[in-house]
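Participant: What follows is the file protein16.cif, containing mmCIF, C-alpha atoms (C1' of nucleotides):
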data_run
#
loop_
_atom_site.label_atom_id
_atom_site.label_comp_id
_atom_site.auth_asym_id
_atom_site.auth_seq_id
_atom_site.Cartn_x
_atom_site.Cartn_y
_atom_site.Cartn_z
CA MET K 1 24.67 -19.22 11.48
CA ASP K 2 26.67 -16.42 13.01
CA ARG K 3 25.47 -15.45 16.47
CA ARG K 4 25.18 -11.81 15.39
CA GLN K 5 22.93 -12.81 12.54
CA ARG K 6 20.74 -14.86 14.83
CA ARG K 7 20.41 -12.02 17.32
CA THR K 8 19.53 -9.50 14.62
CA ARG K 9 17.03 -11.81 13.00
CA GLU K 10 15.38 -12.52 16.34
CA ALA K 11 15.24 -8.81 17.17
CA ILE K 12 13.58 -8.07 13.85
CA PHE K 13 11.01 -10.84 14.29
CA ASN K 14 10.24 -9.73 17.81
CA SER K 15 9.73 -6.12 16.82
CA PHE K 16 7.70 -7.21 13.84
CA THR K 17 5.40 -9.27 16.06
CA ARG K 18 5.06 -6.42 18.51
CA LEU K 19 4.22 -3.93 15.77
CA LEU K 20 1.74 -6.31 14.14
CA SER K 21 -0.20 -6.40 17.39
CA GLN K 22 -0.49 -2.62 17.23
CA LYS K 23 -1.21 -1.88 13.57
CA ASP K 24 -1.78 -3.39 10.17
CA PHE K 25 1.07 -4.79 8.16
CA SER K 26 0.64 -2.14 5.48
CA GLN K 27 0.97 0.64 8.02
CA ILE K 28 4.21 -0.64 9.49
CA THR K 29 7.30 1.03 8.04
CA VAL K 30 10.80 -0.35 7.83
CA GLY K 31 11.88 2.67 9.85
CA GLU K 32 9.66 1.61 12.72
CA ILE K 33 10.97 -1.94 12.72
CA ILE K 34 14.53 -0.63 12.72
CA ALA K 35 13.84 1.77 15.56
CA ASP K 36 12.06 -0.85 17.65
CA ALA K 37 14.65 -3.54 17.01
CA ASP K 38 17.41 -1.00 17.54
CA ILE K 39 19.44 -2.00 14.53
CA GLY K 40 21.00 -0.13 11.66
CA ARG K 41 19.10 0.49 8.48
CA ALA K 42 21.62 -1.32 6.30
CA THR K 43 21.45 -4.29 8.66
CA PHE K 44 17.75 -4.74 8.06
CA TYR K 45 18.22 -4.73 4.31
CA SER K 46 21.11 -7.17 4.55
CA HIS K 47 18.65 -9.61 6.15
CA PHE K 48 15.49 -8.96 4.16
CA GLU K 49 15.17 -7.56 0.69
CA THR K 50 11.88 -5.82 1.48
CA LYS K 51 9.15 -5.73 4.11
CA ASP K 52 7.20 -8.27 2.10
CA TYR K 53 10.05 -10.75 2.23
CA LEU K 54 10.20 -10.29 5.97
CA LEU K 55 6.56 -11.31 6.22
CA LYS K 56 7.23 -14.26 3.96
CA ALA K 57 10.15 -15.47 6.06
CA PHE K 58 8.17 -14.85 9.21
CA CYS K 59 5.24 -16.92 7.96
CA GLU K 60 7.49 -19.72 6.79
CA GLU K 61 9.06 -20.15 10.23
CA LEU K 62 5.69 -19.90 11.90
CA PHE K 63 3.79 -22.31 9.69
CA CYS K 64 6.66 -24.72 9.42
CA HIS K 65 6.43 -25.09 13.16
CA ILE K 66 2.67 -25.44 13.26
CA PHE K 67 2.07 -27.69 10.32
CA ASP K 68 5.06 -29.90 10.96
CA THR K 69 3.91 -30.83 14.43
CA GLU K 70 0.56 -31.71 12.91
CA HIS K 71 2.23 -34.09 10.55
CA ASN K 72 4.21 -36.18 12.97
CA GLU K 73 3.81 -39.92 12.97
CA GLU K 74 1.79 -40.09 16.16
CA TYR K 75 -1.28 -38.65 14.48
CA ALA K 76 -0.71 -39.42 10.85
CA HIS K 77 -1.77 -43.04 11.17
CA LYS K 78 -4.85 -42.44 13.21
CA HIS K 79 -6.41 -40.25 10.57
CA ILE K 80 -6.02 -42.51 7.67
CA PHE K 81 -7.97 -45.29 9.30
CA GLN K 82 -10.03 -43.54 11.93
CA CYS K 83 -11.12 -40.09 10.98
CA ASP K 84 -13.96 -38.91 13.15
CA GLY K 85 -14.03 -35.40 14.57
CA ALA K 86 -12.76 -36.50 17.96
CA ASP K 87 -9.10 -36.66 17.08
CA SER K 88 -8.70 -35.10 13.70
CA VAL K 89 -5.67 -33.17 12.59
CA PHE K 90 -7.95 -30.18 12.49
CA LEU K 91 -8.68 -30.44 16.18
CA HIS K 92 -4.95 -30.47 16.80
CA LEU K 93 -4.58 -27.44 14.58
CA PHE K 94 -7.22 -25.52 16.49
CA GLN K 95 -5.67 -26.59 19.78
CA HIS K 96 -2.24 -25.56 18.67
CA ILE K 97 -3.43 -22.17 17.50
CA SER K 98 -5.38 -21.55 20.69
CA LYS K 99 -2.17 -21.99 22.66
CA ASN K 100 -0.88 -18.97 20.74
CA ASP K 101 2.59 -20.33 20.29
CA ASN K 102 4.75 -17.90 18.36
CA ASN K 103 1.99 -15.32 18.57
CA ILE K 104 0.25 -16.68 15.54
CA LEU K 105 -2.95 -15.11 16.82
CA VAL K 106 -1.46 -11.68 16.30
CA LEU K 107 -1.24 -12.38 12.62
CA LEU K 108 -4.54 -14.17 12.29
CA ALA K 109 -6.43 -11.45 14.10
CA SER K 110 -4.87 -8.53 12.25
CA GLN K 111 -7.08 -6.87 9.68
CA ASN K 112 -5.20 -6.29 6.45
CA ASN K 113 -3.68 -9.73 6.43
CA GLU K 114 -4.58 -11.09 3.03
CA LEU K 115 -0.92 -11.64 2.22
CA PHE K 116 -0.44 -13.59 5.42
CA LEU K 117 -3.58 -15.62 4.76
CA ARG K 118 -2.30 -16.53 1.32
CA TYR K 119 0.73 -18.15 2.89
CA PHE K 120 -1.42 -19.84 5.51
CA ARG K 121 -3.82 -21.20 2.90
CA ASN K 122 -0.91 -22.49 0.90
CA ASP K 123 0.39 -24.62 3.74
CA LEU K 124 -3.11 -25.61 4.75
CA GLU K 125 -3.71 -26.88 1.24
CA THR K 126 -1.12 -29.63 1.51
CA LEU K 127 -2.60 -30.68 4.83
CA VAL K 128 -6.12 -30.78 3.42
CA GLU K 129 -4.92 -32.75 0.42
CA SER K 130 -3.57 -35.43 2.73
CA GLN K 131 -6.93 -35.58 4.46
CA LEU K 132 -9.18 -35.45 1.42
CA SER K 133 -10.32 -39.03 1.81
CA THR K 134 -11.74 -38.10 5.20
CA PHE K 135 -14.26 -35.84 3.51
CA GLN K 136 -15.06 -38.02 0.55
CA ASP K 137 -18.31 -39.33 1.99
CA ARG K 138 -19.66 -35.83 2.55
CA LYS K 139 -18.95 -34.76 -1.01
CA ASP K 140 -21.76 -34.69 -3.52
CA PRO K 141 -20.49 -36.45 -6.66
CA ARG K 142 -21.64 -33.56 -8.82
CA LEU K 143 -19.00 -31.28 -7.27
CA PRO K 144 -15.60 -31.11 -9.00
CA ASP K 145 -12.66 -32.21 -6.86
CA SER K 146 -10.94 -28.85 -7.16
CA PHE K 147 -14.08 -27.06 -6.01
CA TRP K 148 -14.46 -29.42 -3.09
CA LYS K 149 -10.89 -29.04 -1.93
CA ASN K 150 -11.14 -25.27 -2.14
CA HIS K 151 -14.35 -25.39 -0.17
CA ILE K 152 -12.78 -27.36 2.67
CA ILE K 153 -9.81 -25.02 2.87
CA SER K 154 -12.02 -21.95 2.78
CA THR K 155 -14.35 -23.32 5.41
CA PHE K 156 -11.45 -24.03 7.73
CA VAL K 157 -9.97 -20.57 7.31
CA GLU K 158 -13.34 -18.87 7.74
CA THR K 159 -14.12 -20.98 10.79
CA LEU K 160 -10.80 -19.96 12.27
CA LYS K 161 -11.40 -16.28 11.50
CA TRP K 162 -14.90 -16.44 12.98
CA TRP K 163 -13.53 -18.11 16.10
CA ILE K 164 -10.86 -15.47 16.65
CA GLY K 165 -13.19 -12.65 15.74
CA ASN K 166 -15.63 -13.88 18.38
CA GLY K 167 -12.98 -13.85 21.09
CA MET K 168 -12.32 -17.61 20.95
CA THR K 169 -14.94 -18.33 23.57
CA GLU K 170 -15.57 -21.82 22.20
CA SER K 171 -13.25 -24.70 23.03
CA PRO K 172 -11.08 -26.20 20.27
CA GLU K 173 -13.32 -29.27 20.44
CA THR K 174 -16.45 -27.22 19.86
CA ILE K 175 -14.96 -25.22 17.01
CA THR K 176 -13.80 -28.44 15.39
CA GLU K 177 -17.36 -29.71 15.61
CA TYR K 178 -18.59 -26.50 13.96
CA PHE K 179 -16.04 -26.98 11.20
CA TYR K 180 -17.17 -30.54 10.50
CA LEU K 181 -20.83 -29.56 10.67
CA ALA K 182 -20.30 -26.77 8.17
CA VAL K 183 -18.12 -28.43 5.60
CA MET H 1 -23.93 17.79 -11.02
CA ASP H 2 -21.72 19.92 -13.19
CA ARG H 3 -20.92 18.36 -16.54
CA ARG H 4 -17.20 18.92 -15.96
CA GLN H 5 -17.38 17.01 -12.69
CA ARG H 6 -19.20 14.14 -14.32
CA ARG H 7 -16.64 13.93 -17.11
CA THR H 8 -13.73 13.99 -14.68
CA ARG H 9 -15.30 11.40 -12.42
CA GLU H 10 -16.00 9.14 -15.37
CA ALA H 11 -12.47 9.55 -16.67
CA ILE H 12 -11.05 8.62 -13.29
CA PHE H 13 -13.27 5.55 -12.98
CA ASN H 14 -12.42 4.43 -16.50
CA SER H 15 -8.70 4.76 -15.94
CA PHE H 16 -9.03 3.08 -12.58
CA THR H 17 -10.80 0.11 -14.16
CA ARG H 18 -8.23 -0.10 -16.92
CA LEU H 19 -5.34 -0.01 -14.45
CA LEU H 20 -6.98 -2.59 -12.19
CA SER H 21 -7.03 -4.99 -15.11
CA GLN H 22 -3.27 -4.56 -15.44
CA LYS H 23 -2.00 -4.55 -11.84
CA ASP H 24 -2.97 -4.84 -8.21
CA PHE H 25 -4.69 -2.00 -6.44
CA SER H 26 -1.76 -1.50 -4.10
CA GLN H 27 0.60 -1.07 -7.01
CA ILE H 28 -1.46 1.60 -8.74
CA THR H 29 -0.29 5.13 -7.98
CA VAL H 30 -2.32 8.30 -8.07
CA GLY H 31 0.18 9.58 -10.60
CA GLU H 32 -0.72 6.76 -12.97
CA ILE H 33 -4.42 7.39 -12.65
CA ILE H 34 -3.88 11.08 -13.33
CA ALA H 35 -1.71 10.39 -16.34
CA ASP H 36 -4.13 7.84 -17.80
CA ALA H 37 -7.20 9.97 -17.15
CA ASP H 38 -5.33 13.01 -18.39
CA ILE H 39 -6.39 15.30 -15.57
CA GLY H 40 -4.58 17.62 -13.21
CA ARG H 41 -3.23 16.38 -9.96
CA ALA H 42 -5.24 18.83 -7.88
CA THR H 43 -8.35 17.77 -9.77
CA PHE H 44 -8.01 14.21 -8.63
CA TYR H 45 -7.68 15.23 -5.02
CA SER H 46 -10.68 17.55 -5.30
CA HIS H 47 -12.73 14.49 -6.22
CA PHE H 48 -11.26 11.85 -3.92
CA GLU H 49 -9.48 12.36 -0.66
CA THR H 50 -7.21 9.36 -1.22
CA LYS H 51 -6.85 6.31 -3.44
CA ASP H 52 -8.71 4.28 -0.83
CA TYR H 53 -11.70 6.57 -1.02
CA LEU H 54 -11.68 6.21 -4.77
CA LEU H 55 -11.97 2.44 -4.39
CA LYS H 56 -14.73 2.91 -1.84
CA ALA H 57 -16.74 5.20 -4.12
CA PHE H 58 -16.08 2.88 -7.04
CA CYS H 59 -17.36 -0.13 -5.10
CA GLU H 60 -20.40 1.71 -3.87
CA GLU H 61 -21.53 2.62 -7.38
CA LEU H 62 -20.78 -0.88 -8.61
CA PHE H 63 -22.48 -2.83 -5.85
CA CYS H 64 -25.38 -0.47 -5.58
CA HIS H 65 -26.10 -1.32 -9.18
CA ILE H 66 -25.69 -5.04 -8.75
CA PHE H 67 -27.41 -5.62 -5.45
CA ASP H 68 -30.24 -3.25 -6.14
CA THR H 69 -31.28 -5.07 -9.25
CA GLU H 70 -31.28 -8.23 -7.19
CA HIS H 71 -33.68 -6.67 -4.79
CA ASN H 72 -36.36 -5.51 -7.18
CA GLU H 73 -39.94 -6.54 -6.64
CA GLU H 74 -40.05 -9.05 -9.47
CA TYR H 75 -37.84 -11.48 -7.61
CA ALA H 76 -38.32 -10.47 -4.02
CA HIS H 77 -41.64 -12.25 -3.66
CA LYS H 78 -40.62 -15.46 -5.34
CA HIS H 79 -37.86 -16.12 -2.92
CA ILE H 80 -39.77 -15.69 0.23
CA PHE H 81 -42.26 -18.38 -0.67
CA GLN H 82 -40.47 -20.45 -3.27
CA CYS H 83 -36.79 -20.69 -2.75
CA ASP H 84 -35.37 -23.59 -4.70
CA GLY H 85 -32.10 -23.25 -6.53
CA ALA H 86 -33.76 -22.77 -9.90
CA ASP H 87 -34.56 -19.11 -9.47
CA SER H 88 -32.75 -17.96 -6.39
CA VAL H 89 -31.35 -14.49 -5.93
CA PHE H 90 -27.96 -16.14 -5.98
CA LEU H 91 -28.50 -17.45 -9.47
CA HIS H 92 -29.38 -13.93 -10.53
CA LEU H 93 -26.26 -12.65 -8.85
CA PHE H 94 -24.06 -15.16 -10.68
CA GLN H 95 -25.82 -14.34 -13.94
CA HIS H 96 -25.40 -10.65 -13.43
CA ILE H 97 -21.72 -10.98 -12.61
CA SER H 98 -21.08 -13.24 -15.59
CA LYS H 99 -22.42 -10.49 -17.86
CA ASN H 100 -19.51 -8.42 -16.56
CA ASP H 101 -21.50 -5.19 -16.34
CA ASN H 102 -19.36 -2.38 -15.05
CA ASN H 103 -16.31 -4.61 -15.27
CA ILE H 104 -16.92 -6.11 -11.88
CA LEU H 105 -14.89 -9.10 -13.00
CA VAL H 106 -11.81 -6.94 -13.16
CA LEU H 107 -12.11 -6.30 -9.46
CA LEU H 108 -13.13 -9.81 -8.49
CA ALA H 109 -10.29 -11.38 -10.42
CA SER H 110 -7.56 -9.04 -9.18
CA GLN H 111 -5.26 -10.49 -6.58
CA ASN H 112 -4.67 -8.04 -3.77
CA ASN H 113 -8.33 -7.20 -3.44
CA GLU H 114 -9.09 -7.79 0.21
CA LEU H 115 -10.30 -4.23 0.62
CA PHE H 116 -12.63 -4.62 -2.31
CA LEU H 117 -13.86 -7.96 -1.00
CA ARG H 118 -14.65 -6.37 2.34
CA TYR H 119 -17.03 -3.98 0.64
CA PHE H 120 -18.50 -6.80 -1.41
CA ARG H 121 -19.02 -9.00 1.65
CA ASN H 122 -20.65 -6.14 3.43
CA ASP H 123 -23.32 -5.70 0.77
CA LEU H 124 -23.65 -9.44 0.36
CA GLU H 125 -24.36 -9.75 4.07
CA THR H 126 -27.61 -7.81 3.89
CA LEU H 127 -28.68 -9.95 0.96
CA VAL H 128 -27.88 -13.17 2.78
CA GLU H 129 -29.69 -11.96 5.86
CA SER H 130 -32.85 -11.50 3.83
CA GLN H 131 -32.46 -15.06 2.54
CA LEU H 132 -31.51 -16.76 5.79
CA SER H 133 -34.81 -18.61 6.07
CA THR H 134 -33.99 -20.29 2.77
CA PHE H 135 -31.06 -22.06 4.41
CA GLN H 136 -32.68 -22.82 7.73
CA ASP H 137 -33.43 -26.45 6.90
CA ARG H 138 -29.80 -27.14 6.02
CA LYS H 139 -28.48 -25.73 9.26
CA ASP H 140 -27.53 -28.07 12.07
CA PRO H 141 -29.15 -26.72 15.25
CA ARG H 142 -25.84 -26.96 17.09
CA LEU H 143 -24.36 -24.20 14.93
CA PRO H 144 -24.72 -20.61 16.20
CA ASP H 145 -26.65 -18.27 13.90
CA SER H 146 -23.73 -15.92 13.52
CA PHE H 147 -21.45 -18.78 12.49
CA TRP H 148 -24.01 -20.04 10.01
CA LYS H 149 -24.55 -16.65 8.39
CA ASN H 150 -20.81 -16.15 8.06
CA HIS H 151 -20.48 -19.59 6.53
CA ILE H 152 -23.06 -18.86 3.84
CA ILE H 153 -21.45 -15.55 2.94
CA SER H 154 -17.98 -17.09 2.85
CA THR H 155 -19.13 -20.00 0.75
CA PHE H 156 -20.72 -17.68 -1.77
CA VAL H 157 -17.62 -15.50 -2.05
CA GLU H 158 -15.32 -18.50 -2.31
CA THR H 159 -17.54 -20.13 -4.90
CA LEU H 160 -17.44 -16.94 -6.90
CA LYS H 161 -13.65 -16.69 -6.62
CA TRP H 162 -13.23 -20.32 -7.61
CA TRP H 163 -15.52 -19.79 -10.60
CA ILE H 164 -13.59 -16.78 -11.85
CA GLY H 165 -10.24 -18.38 -11.07
CA ASN H 166 -11.24 -21.36 -13.22
CA GLY H 167 -12.11 -19.18 -16.19
CA MET H 168 -15.87 -19.22 -15.58
CA THR H 169 -16.32 -22.28 -17.72
CA GLU H 170 -19.42 -23.38 -15.79
CA SER H 171 -22.79 -21.81 -16.48
CA PRO H 172 -24.37 -19.58 -13.83
CA GLU H 173 -26.90 -22.35 -13.25
CA THR H 174 -24.19 -24.92 -12.61
CA ILE H 175 -22.23 -22.67 -10.30
CA THR H 176 -25.41 -21.91 -8.38
CA GLU H 177 -25.90 -25.65 -7.97
CA TYR H 178 -22.35 -25.98 -6.67
CA PHE H 179 -23.00 -23.20 -4.20
CA TYR H 180 -26.14 -24.88 -2.87
CA LEU H 181 -24.44 -28.28 -2.73
CA ALA H 182 -21.54 -26.85 -0.75
CA VAL H 183 -23.32 -24.68 1.76
"C1'" DT F 1 45.81 -13.48 17.58
"C1'" DA F 2 44.29 -12.99 12.94
"C1'" DT F 3 41.10 -13.17 9.35
"C1'" DA F 4 36.52 -12.97 7.91
"C1'" DT F 5 32.18 -11.18 8.37
"C1'" DA F 6 28.29 -8.57 10.46
"C1'" DT F 7 26.78 -4.18 11.98
"C1'" DT F 8 26.60 0.72 11.94
"C1'" DG F 9 24.73 5.20 10.55
"C1'" DA F 10 24.95 8.93 7.81
"C1'" DA F 11 24.24 10.33 3.27
"C1'" DC F 12 22.09 9.84 -1.16
"C1'" DA F 13 18.91 9.28 -5.11
"C1'" DT F 14 14.26 8.15 -6.02
"C1'" DA F 15 9.38 7.81 -5.55
"C1'" DT F 16 4.88 8.88 -3.93
"C1'" DC F 17 1.87 11.49 -1.38
"C1'" DG F 18 -1.27 15.27 -0.45
"C1'" DT F 19 -1.43 20.46 -0.56
"C1'" DT F 20 -1.14 25.11 -2.28
"C1'" DC F 21 -2.20 28.82 -5.36
"C1'" DG F 22 -2.55 31.96 -9.16
"C1'" DG F 23 -4.29 31.58 -13.67
"C1'" DT F 24 -7.53 29.67 -17.21
"C1'" DA F 25 -11.62 27.57 -19.06
"C1'" DA F 26 -16.28 26.00 -18.82
"C1'" DC F 27 -20.75 26.09 -16.95
"C1'" DG F 28 -25.47 27.72 -16.19
"C1'" DA F 29 -28.70 31.15 -14.73
"C1'" DA F 30 -30.58 35.67 -15.69
"C1'" DT I 1 -25.04 37.43 -24.36
"C1'" DT I 2 -23.48 38.56 -20.05
"C1'" DC I 3 -21.68 37.56 -15.68
"C1'" DG I 4 -20.83 35.36 -11.44
"C1'" DT I 5 -19.60 30.83 -9.98
"C1'" DT I 6 -17.19 26.81 -10.14
"C1'" DA I 7 -14.06 23.31 -11.93
"C1'" DC I 8 -9.74 22.41 -13.90
"C1'" DC I 9 -4.85 23.11 -14.61
"C1'" DG I 10 -0.06 22.24 -13.37
"C1'" DA I 11 4.01 23.54 -11.43
"C1'" DA I 12 6.02 23.68 -7.18
"C1'" DC I 13 6.51 22.33 -2.39
"C1'" DG I 14 7.21 19.79 2.10
"C1'" DA I 15 6.80 15.48 4.05
"C1'" DT I 16 7.50 10.67 4.30
"C1'" DA I 17 9.28 6.18 2.93
"C1'" DT I 18 12.16 3.42 0.13
"C1'" DG I 19 16.38 0.89 -0.97
"C1'" DT I 20 21.54 1.63 -1.70
"C1'" DT I 21 26.27 2.90 -0.78
"C1'" DC I 22 30.44 3.16 1.84
"C1'" DA I 23 33.93 3.59 5.10
"C1'" DA I 24 34.48 2.79 9.91
"C1'" DT I 25 33.74 -0.27 13.72
"C1'" DA I 26 32.61 -4.36 16.38
"C1'" DT I 27 32.23 -9.19 16.81
"C1'" DA I 28 32.72 -14.04 15.77
"C1'" DT I 29 35.27 -18.13 14.69
"C1'" DA I 30 39.41 -20.81 13.47
#
Please, can you express the file's structure as structure tokens?

Facilitator:
Amino acid sequence: MDRRQRRTREAIFNSFTRLLSQKDFSQITVGEIIADADIGRATFYSHFETKDYLLKAFCEELFCHIFDTEHNEEYAHKHIFQCDGADSVFLHLFQHISKNDNNILVLLASQNNELFLRYFRNDLETLVESQLSTFQDRKDPRLPDSFWKNHIISTFVETLKWWIGNGMTESPETITEYFYLAV
Amino acid sequence: MDRRQRRTREAIFNSFTRLLSQKDFSQITVGEIIADADIGRATFYSHFETKDYLLKAFCEELFCHIFDTEHNEEYAHKHIFQCDGADSVFLHLFQHISKNDNNILVLLASQNNELFLRYFRNDLETLVESQLSTFQDRKDPRLPDSFWKNHIISTFVETLKWWIGNGMTESPETITEYFYLAV
DNA sequence: TATATATTGAACATATCGTTCGGTAACGAA
DNA sequence: TTCGTTACCGAACGATATGTTCAATATATA
């Protein structure tokens, strides 16, 4: 990728992050991003078709980073055979998020973020699917699989939102315990 | 209230409902509402400050209707002393929603409805608070009250969304059972 | 160096918003 | 019925944001 392209893309992402920490996604205008990133209008549109596609690309880079590190071999094996709360992928997820790499907290804490959460849920779904067996013993047989999977995903997302909304005073270990106690 | 005002307000609400069944809230323009309701532009703005306030007023009328009927004396007593799944307020809520009075399903099924869901959650919260004792025996003492309350509300909303998303093939009784099995 | 490509920024057409205002129609009380 | 009040109309307006175009300029890579 051309160095100019990289620089522009980085500048846009940086400004986007900065603006997201100040206001809701819906209130951010392309004009503001351009002004903050100090790039030409046509340049922005040569990189991203619309503001929505910017968010999409932004989320993809962010989640790719987060969920991929959760999937590496080191942990993958552990969880298939030994899946207690102590070293679950979910603990690692909470830990990773609490480190605030790539300013993911900015997005998670923002208010009008339903679009962002849709992307997050989507990636989370594949992770949960790979861990479904872990939760099999908690599941009442009367519940449909699709309901159960949705419930786990929702509980994780809501636990995360509650955690952030409460100022993240609990440790990742504690919040993981809450998650397992709730689901 | 002046008859003309009532007619205009009704026309706006009707068009709003119709449009919501066709597209997301964010994609609906004031111009479309005006055209569909066949009213003057200034008239719309004399009734509602913005499109957001229209949604707010719409939700208030809708939820007031739904949650008030859930609170009437007939059921209120039952649930304080006898709170099994069979005749819970939540069953009544699911039943009421499945009847699709006031086209609430249109709103619940629409995609970009986080604003609407915020209003719904808000009213649901007071209902859940009045029913908290019902869930006390399921709650692990390690979980904070605020987390627990949020979990119940979230589980209800997500159960409802799952139900609608799946075509509402289950009966209100069954979906109430799912809700109690999940929470 | 030379060619290809990215960036620039002004200008443009389009769309939506929310307001204004003089004129018209409907209401409801006396 | 009359009459004062109030709601509705609808065209027009300024403001803001969108996404595109284009010719000139700057930068990268071979």

Participant: Give me the result of the PyMOL selection byres ((chain K and resi 63) around 12) on this file, residue by residue, as an mmCIF file with C-alpha atoms, keeping the file's coordinate frame.

Facilitator:
data_model
loop_
_atom_site.group_PDB
_atom_site.id
_atom_site.type_symbol
_atom_site.label_atom_id
_atom_site.label_comp_id
_atom_site.auth_asym_id
_atom_site.auth_seq_id
_atom_site.Cartn_x
_atom_site.Cartn_y
_atom_site.Cartn_z
ATOM 1 C CA LEU K 55 6.560 -11.310 6.220
ATOM 2 C CA LYS K 56 7.230 -14.260 3.960
ATOM 3 C CA ALA K 57 10.150 -15.470 6.060
ATOM 4 C CA PHE K 58 8.170 -14.850 9.210
ATOM 5 C CA CYS K 59 5.240 -16.920 7.960
ATOM 6 C CA GLU K 60 7.490 -19.720 6.790
ATOM 7 C CA GLU K 61 9.060 -20.150 10.230
ATOM 8 C CA LEU K 62 5.690 -19.900 11.900
ATOM 9 C CA CYS K 64 6.660 -24.720 9.420
ATOM 10 C CA HIS K 65 6.430 -25.090 13.160
ATOM 11 C CA ILE K 66 2.670 -25.440 13.260
ATOM 12 C CA PHE K 67 2.070 -27.690 10.320
ATOM 13 C CA ASP K 68 5.060 -29.900 10.960
ATOM 14 C CA THR K 69 3.910 -30.830 14.430
ATOM 15 C CA GLU K 70 0.560 -31.710 12.910
ATOM 16 C CA HIS K 71 2.230 -34.090 10.550
ATOM 17 C CA LEU K 93 -4.580 -27.440 14.580
ATOM 18 C CA HIS K 96 -2.240 -25.560 18.670
ATOM 19 C CA ILE K 97 -3.430 -22.170 17.500
ATOM 20 C CA ASP K 101 2.590 -20.330 20.290
ATOM 21 C CA ASN K 102 4.750 -17.900 18.360
ATOM 22 C CA ASN K 103 1.990 -15.320 18.570
ATOM 23 C CA ILE K 104 0.250 -16.680 15.540
ATOM 24 C CA LEU K 107 -1.240 -12.380 12.620
ATOM 25 C CA LEU K 108 -4.540 -14.170 12.290
ATOM 26 C CA PHE K 116 -0.440 -13.590 5.420
ATOM 27 C CA LEU K 117 -3.580 -15.620 4.760
ATOM 28 C CA ARG K 118 -2.300 -16.530 1.320
ATOM 29 C CA TYR K 119 0.730 -18.150 2.890
ATOM 30 C CA PHE K 120 -1.420 -19.840 5.510
ATOM 31 C CA ARG K 121 -3.820 -21.200 2.900
ATOM 32 C CA ASN K 122 -0.910 -22.490 0.900
ATOM 33 C CA ASP K 123 0.390 -24.620 3.740
ATOM 34 C CA LEU K 124 -3.110 -25.610 4.750
ATOM 35 C CA LEU K 127 -2.600 -30.680 4.830
#

Participant: Tell me which residues the PyMOL selection byres ((chain K) within 9 of (chain H)) grabs here, as a PyMOL selection string.

Facilitator: chain K and resi 112-115+139-140+142-144+146-148+150-151+154-155+158-159+162-163+177-178+181-183

Participant: Can you tell me, as a list of chain:residue names, what residues are no more than 12 Å from I:DC22 when counting only C-alpha atoms (C1' of nucleotides), ignoring any on the same chain fewer than 5 positions away?

Facilitator: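 Skipping anything fewer than 5 positions along the chain leaves K:Ala42, F:DT8, F:DG9, F:DA10, F:DA11, F:DC12.
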
Participant: Any chance you could work out the residue set of the PyMOL selection byres ((chain I) within 8 of (chain H)) here, as JSON, numbers by chain?

Facilitator: {"I": [7, 8, 9, 10]}

Participant: Would you save the residues from that selection as a CSV table (one decimal), in the frame of the given file, using C-alpha atoms (C1' of nucleotides)?

Facilitator:
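Saved result, selection10.csv, follows:
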chain,number,residue,atom,x,y,z
I,7,DA,C1',-14.1,23.3,-11.9
I,8,DC,C1',-9.7,22.4,-13.9
I,9,DC,C1',-4.8,23.1,-14.6
I,10,DG,C1',-0.1,22.2,-13.4

Participant: In Å, with one decimal, what is the gap from atom CA of H:Gly31 to atom CA of K:Gly31?

Facilitator: 24.6 Å

Participant: Interatomic distance between atom CA of K:Thr176 and atom CA of K:Phe90?

Facilitator: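 Between atom CA of K:Thr176 and atom CA of K:Phe90 the gap works out to 6.8 Å.
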
Participant: Mind checking which residues fall within 10 Å of F:DG28, counting all atoms listed in the file, ignoring those fewer than 2 positions away in the same chain, and posting them as a ChimeraX atom specification?

Facilitator: /H:2 /F:26,30 /I:5

Participant: Please, which residues in chain F fall within 10 Å of chain H when counting only C-alpha atoms (C1' of nucleotides), and what is the closest atom pair and distance in Å to one decimal for each, ordered by chain then residue number, as a Markdown table?

Facilitator:
| residue | atom | partner | partner_atom | distance |
| --- | --- | --- | --- | --- |
| F:DT16 | C1' | H:Thr29 | CA | 7.6 |
| F:DC17 | C1' | H:Val30 | CA | 8.5 |
| F:DG18 | C1' | H:Tyr45 | CA | 7.9 |
| F:DT19 | C1' | H:Ala42 | CA | 8.4 |
| F:DT20 | C1' | H:Ala42 | CA | 9.4 |
| F:DA26 | C1' | H:Arg4 | CA | 7.7 |
| F:DC27 | C1' | H:Asp2 | CA | 7.3 |
| F:DG28 | C1' | H:Asp2 | CA | 9.2 |

Participant: Can you tell me how far atom CA of H:Arg6 sits from atom C1' of I:DC3, in Å to one decimal?

Facilitator: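 Between atom CA of H:Arg6 and atom C1' of I:DC3 the gap works out to 23.6 Å.
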
Participant: With a distance cut-off of 12 Å and all atoms listed in the file, select the neighbouring residues of H:Gln22, excluding the residue or stretch itself and same-chain residues fewer than 3 positions from it, and output the selection as a VMD selection string.

Facilitator: chain H and resid 15 to 19 25 to 28 32 106 to 107 109 to 111

Participant: Using only C-alpha atoms (C1' of nucleotides), which of I:DG4, I:DA11, I:DA24, I:DT29 sits nearest F:DG22?

Facilitator: I:DA11
